[in-house]
Amino acid sequence: MQHTPRANSAPWIARIGAPLEHLFPAWFALVMGWTGLAQAWLRGSDLLGDMALGLALVAGGFAALIFSLLCLASVWRVKLHLHAVIKDLQHPIRHAFMATFPVSVILLAALGASLFQDTHPTLELALAWFWCAGSLLEFVATVWVISRWLRPQAEGGLQWSALTPALFIPVVGNVLAPLGGVPLGFESWATAQFGIGLLLWPILQTLLFVRWGQVGPLPAKLSPTLFICVAPPSAVGLSLLVMQAPAPLAWAAWGMALFFLALTLTQLGPMRAQPFGMSFWGMSFPLAAFSALTLRLASTAEGAWLQLPALGMLALTSLVILGLTLGTWRGLRNGRLLVADA
């Protein structure tokens, strides 16, 4: 019997791959959120013991799974929808989210170093290479994002209306470098990269305040990204502790993070009025980083008074990230995500 060839599979592939056109780089914020949550539970092991360590492993494993799936989907997207990728690179706001990929790599390497360091030489070597790749990509992404400011406005240069907290993402990646770089043996470069973020963070924060004065509040759709302002000081505090800096510096960073968290919470009204979208994932990593820093400080003699608030913050962050994950699943199932302007 002669075999009848299957019908042309190209339309089927196109239908399956069509939603990937809208797989914006911001989707790697899921990895950042879950990895940050794993770090927070890991910091909580000083107060909660092995239960917290087990939950850190679960959260970290889930983050690694999401990262792998997103990497595969992103490669497929480049193949099927290269024009959409180029459009993201040229977008006045969305281009900054390109840094979520290297930040995810840095965070996963740092988490691996915290969980598995000194367990197996081959694994440690793999984590070192993984961290180096993320660090290099983060440096390139930072230079590329900031270099756009040097262009004329007509060619995608800096515009007040396009200045959003998303620009903190490349900054956060740099100040996070010591979390994995120091334990993996790259202290010198990690400290240098930390300095890049430490230079850019106050500049961007000042420009953001000026933007609010010049243009007004962020568009309501982007209001959840205000939480990103909490991330830089939280990450700075965590890295300072890893680099064994004087404790008062970490407490100062915690105070700044607390201020931005309180300031952001005053805008919960406009945020709650918005339909669920990927911008809400801007809440996840900042809350997780602040929780991790709070738990880290609460484990010291000077921060014993923070133990109960730190555990409460950890529980709240876990609920928020679980809620965001369920909301994302429902959005994918109902077809409200991975569509134009989602």
# chains A, B, ... in the order shown; residues from 1 in each chain; ligands from 1
call {"tool": "closest_atom_pairs", "arguments": {"of": "range 156-236 of chain A", "to": "range 32-45 of chain A", "cutoff": "12 Å", "atoms": "only C-alpha atoms", "output": "CSV"}}
result
residue,atom,partner,partner_atom,distance
A:Ile169,CA,A:Met32,CA,10.5
A:Val172,CA,A:Met32,CA,11.0
A:Gly173,CA,A:Met32,CA,10.4
A:Leu176,CA,A:Gly36,CA,11.1
A:Leu179,CA,A:Gln39,CA,10.2
A:Gly180,CA,A:Gln39,CA,11.6
A:Ile228,CA,A:Gly33,CA,11.5
A:Ala231,CA,A:Gly36,CA,10.6
A:Ser234,CA,A:Gly36,CA,11.2
A:Ala235,CA,A:Gly36,CA,10.3
call {"tool": "write_last_selection", "arguments": {"atoms": "N, CA, C and O atoms", "output": "mmCIF file, in the first residue's frame"}}
result
data_model
loop_
_atom_site.group_PDB
_atom_site.id
_atom_site.type_symbol
_atom_site.label_atom_id
_atom_site.label_comp_id
_atom_site.auth_asym_id
_atom_site.auth_seq_id
_atom_site.Cartn_x
_atom_site.Cartn_y
_atom_site.Cartn_z
ATOM 1 N N ILE A 169 15.612 47.388 35.550
ATOM 2 C CA ILE A 169 15.921 45.959 35.403
ATOM 3 C C ILE A 169 17.392 45.725 35.095
ATOM 4 O O ILE A 169 18.039 44.885 35.751
ATOM 5 N N VAL A 172 19.348 46.382 38.306
ATOM 6 C CA VAL A 172 19.208 45.332 39.314
ATOM 7 C C VAL A 172 20.123 44.158 39.002
ATOM 8 O O VAL A 172 20.743 43.570 39.896
ATOM 9 N N GLY A 173 20.227 43.803 37.720
ATOM 10 C CA GLY A 173 21.100 42.693 37.350
ATOM 11 C C GLY A 173 22.539 42.922 37.749
ATOM 12 O O GLY A 173 23.238 41.982 38.158
ATOM 13 N N LEU A 176 23.050 42.692 41.578
ATOM 14 C CA LEU A 176 22.866 41.323 42.054
ATOM 15 C C LEU A 176 24.083 40.438 41.811
ATOM 16 O O LEU A 176 24.156 39.328 42.334
ATOM 17 N N LEU A 179 25.858 38.172 44.482
ATOM 18 C CA LEU A 179 25.164 37.051 45.122
ATOM 19 C C LEU A 179 25.700 35.712 44.631
ATOM 20 O O LEU A 179 25.831 34.767 45.406
ATOM 21 N N GLY A 180 25.992 35.620 43.345
ATOM 22 C CA GLY A 180 26.574 34.396 42.823
ATOM 23 C C GLY A 180 28.055 34.512 42.564
ATOM 24 O O GLY A 180 28.795 33.531 42.687
ATOM 25 N N ILE A 228 8.935 47.898 41.040
ATOM 26 C CA ILE A 228 10.322 47.670 40.646
ATOM 27 C C ILE A 228 11.255 48.624 41.380
ATOM 28 O O ILE A 228 12.440 48.315 41.573
ATOM 29 N N ALA A 231 13.218 47.063 44.137
ATOM 30 C CA ALA A 231 14.236 46.052 43.853
ATOM 31 C C ALA A 231 15.671 46.538 44.014
ATOM 32 O O ALA A 231 16.491 45.835 44.634
ATOM 33 N N SER A 234 16.881 46.758 47.675
ATOM 34 C CA SER A 234 16.846 45.422 48.276
ATOM 35 C C SER A 234 18.019 44.583 47.776
ATOM 36 O O SER A 234 18.698 43.906 48.561
ATOM 37 N N ALA A 235 18.262 44.628 46.464
ATOM 38 C CA ALA A 235 19.377 43.871 45.894
ATOM 39 C C ALA A 235 20.718 44.405 46.386
ATOM 40 O O ALA A 235 21.645 43.634 46.647
#
call {"tool": "residues_around", "arguments": {"residues": "Ile106 in chain A", "least_positions_apart": "6", "cutoff": "10 Å", "atoms": "only C-alpha atoms", "output": "MDAnalysis selection string"}}
result
chainID A and resid 32 100 112 127 130:138 173:174 176:181
call {"tool": "select_by_dssp", "arguments": {"residues": "range 18-243 of chain A", "states": "alpha helix (DSSP H)", "output": "PyMOL selection string"}}
result
chain A and resi 29-43+45-48+50-80+82-90+100-116+121-147+168-175+177-181+187-214+231-242
call {"tool": "residues_around", "arguments": {"residues": "Leu218 in chain A", "least_positions_apart": "4", "cutoff": "12 Å", "atoms": "only C-alpha atoms", "output": "MDAnalysis selection string"}}
result
chainID A and resid 93 160:166 208:209 211:214 222:226 267 270:271
call {"tool": "closest_residue", "arguments": {"among": "A:Leu80, A:Leu306, A:Leu89, A:Leu69", "to": "Arg148 in chain A", "atoms": "only C-alpha atoms"}}
result
A:Leu89
call {"tool": "closest_residue", "arguments": {"among": "A:Pro309, A:Pro102, A:Pro170, A:Gly331", "to": "Leu293 in chain A", "atoms": "only C-alpha atoms"}}
result
A:Pro309
call {"tool": "closest_residue", "arguments": {"among": "A:Ala84, A:Leu261, A:Leu111, A:Trp76", "to": "Ala63 in chain A", "atoms": "only C-alpha atoms"}}
result
A:Leu111
call {"tool": "atom_distance", "arguments": {"atom1": "CA of Arg151 in chain A", "atom2": "CA of Ala96 in chain A"}}
result
15.4 Å
call {"tool": "closest_residue", "arguments": {"among": "A:Met98, A:Leu158, A:Leu324, A:Leu332", "to": "Leu207 in chain A", "atoms": "only C-alpha atoms"}}
result
A:Leu158
call {"tool": "residues_around", "arguments": {"residues": "range 296-302 of chain A", "least_positions_apart": "6", "cutoff": "9 Å", "atoms": "only C-alpha atoms", "output": "MDAnalysis selection string"}}
result
chainID A and resid 40 43:44 46:47 238 241 247 250:251 254 308:310
call {"tool": "write_last_selection", "arguments": {"atoms": "N, CA and C atoms", "output": "PDB file, in the first residue's frame"}}
result
ATOM      1  N   ALA A  40      14.335  33.923  49.020  1.00  0.00           N
ATOM      2  CA  ALA A  40      13.716  34.388  50.261  1.00  0.00           C
ATOM      3  C   ALA A  40      13.483  33.223  51.220  1.00  0.00           C
ATOM      4  N   ARG A  43      16.730  32.209  52.721  1.00  0.00           N
ATOM      5  CA  ARG A  43      17.116  33.090  53.832  1.00  0.00           C
ATOM      6  C   ARG A  43      16.283  32.795  55.068  1.00  0.00           C
ATOM      7  N   GLY A  44      15.050  32.342  54.848  1.00  0.00           N
ATOM      8  CA  GLY A  44      14.184  32.032  55.984  1.00  0.00           C
ATOM      9  C   GLY A  44      14.541  30.756  56.694  1.00  0.00           C
ATOM     10  N   ASP A  46      17.104  30.119  58.324  1.00  0.00           N
ATOM     11  CA  ASP A  46      17.721  30.421  59.622  1.00  0.00           C
ATOM     12  C   ASP A  46      16.672  30.482  60.722  1.00  0.00           C
ATOM     13  N   LEU A  47      15.447  30.859  60.349  1.00  0.00           N
ATOM     14  CA  LEU A  47      14.368  30.982  61.331  1.00  0.00           C
ATOM     15  C   LEU A  47      13.427  29.788  61.305  1.00  0.00           C
ATOM     16  N   LEU A 238      21.308  43.026  49.895  1.00  0.00           N
ATOM     17  CA  LEU A 238      21.699  41.613  49.881  1.00  0.00           C
ATOM     18  C   LEU A 238      23.147  41.444  49.435  1.00  0.00           C
ATOM     19  N   LEU A 241      25.726  42.469  52.077  1.00  0.00           N
ATOM     20  CA  LEU A 241      25.920  41.450  53.111  1.00  0.00           C
ATOM     21  C   LEU A 241      26.801  40.310  52.600  1.00  0.00           C
ATOM     22  N   ALA A 247      27.496  46.357  58.472  1.00  0.00           N
ATOM     23  CA  ALA A 247      26.065  46.129  58.609  1.00  0.00           C
ATOM     24  C   ALA A 247      25.226  47.400  58.465  1.00  0.00           C
ATOM     25  N   ALA A 250      23.895  47.896  54.966  1.00  0.00           N
ATOM     26  CA  ALA A 250      22.772  47.030  54.599  1.00  0.00           C
ATOM     27  C   ALA A 250      21.479  47.532  55.225  1.00  0.00           C
ATOM     28  N   TRP A 251      21.558  47.998  56.461  1.00  0.00           N
ATOM     29  CA  TRP A 251      20.361  48.553  57.092  1.00  0.00           C
ATOM     30  C   TRP A 251      19.883  49.814  56.371  1.00  0.00           C
ATOM     31  N   TRP A 254      18.069  48.665  53.384  1.00  0.00           N
ATOM     32  CA  TRP A 254      16.755  48.153  53.790  1.00  0.00           C
ATOM     33  C   TRP A 254      15.782  49.300  54.046  1.00  0.00           C
ATOM     34  N   LEU A 308       9.300  38.558  63.280  1.00  0.00           N
ATOM     35  CA  LEU A 308       7.876  38.381  62.978  1.00  0.00           C
ATOM     36  C   LEU A 308       7.469  39.129  61.705  1.00  0.00           C
ATOM     37  N   PRO A 309       7.835  40.427  61.558  1.00  0.00           N
ATOM     38  CA  PRO A 309       7.516  41.094  60.287  1.00  0.00           C
ATOM     39  C   PRO A 309       8.147  40.412  59.077  1.00  0.00           C
ATOM     40  N   ALA A 310       9.366  39.872  59.242  1.00  0.00           N
ATOM     41  CA  ALA A 310      10.037  39.216  58.119  1.00  0.00           C
ATOM     42  C   ALA A 310       9.277  37.967  57.687  1.00  0.00           C
TER      43      ALA A 310
END
call {"tool": "closest_residue", "arguments": {"among": "A:Leu199, A:Leu322, A:Leu167, A:Val339", "to": "Leu30 in chain A", "atoms": "only C-alpha atoms"}}
result
A:Leu322
call {"tool": "atom_distance", "arguments": {"atom1": "CA of Trp201 in chain A", "atom2": "CA of Phe168 in chain A"}}
result
7.1 Å
call {"tool": "residues_around", "arguments": {"residues": "Ile196 in chain A", "least_positions_apart": "4", "cutoff": "9 Å", "atoms": "only C-alpha atoms", "output": "number ranges by chain"}}
result
A: 139, 171, 174-175, 191-192, 200-201
call {"tool": "atom_distance", "arguments": {"atom1": "CA of Phe260 in chain A", "atom2": "CA of Thr328 in chain A"}}
result
25.9 Å
call {"tool": "residues_around", "arguments": {"residues": "range 257-259 of chain A", "least_positions_apart": "2", "cutoff": "7 Å", "atoms": "only C-alpha atoms", "output": "PyMOL selection string"}}
result
chain A and resi 230+233-234+253-255+261-263+290
call {"tool": "residues_around", "arguments": {"residues": "Phe24 in chain A", "least_positions_apart": "4", "cutoff": "10 Å", "atoms": "only C-alpha atoms", "output": "ChimeraX atom specification"}}
result
/A:20,28,74,77,84-85,88,94-95,97-98,278,338,342
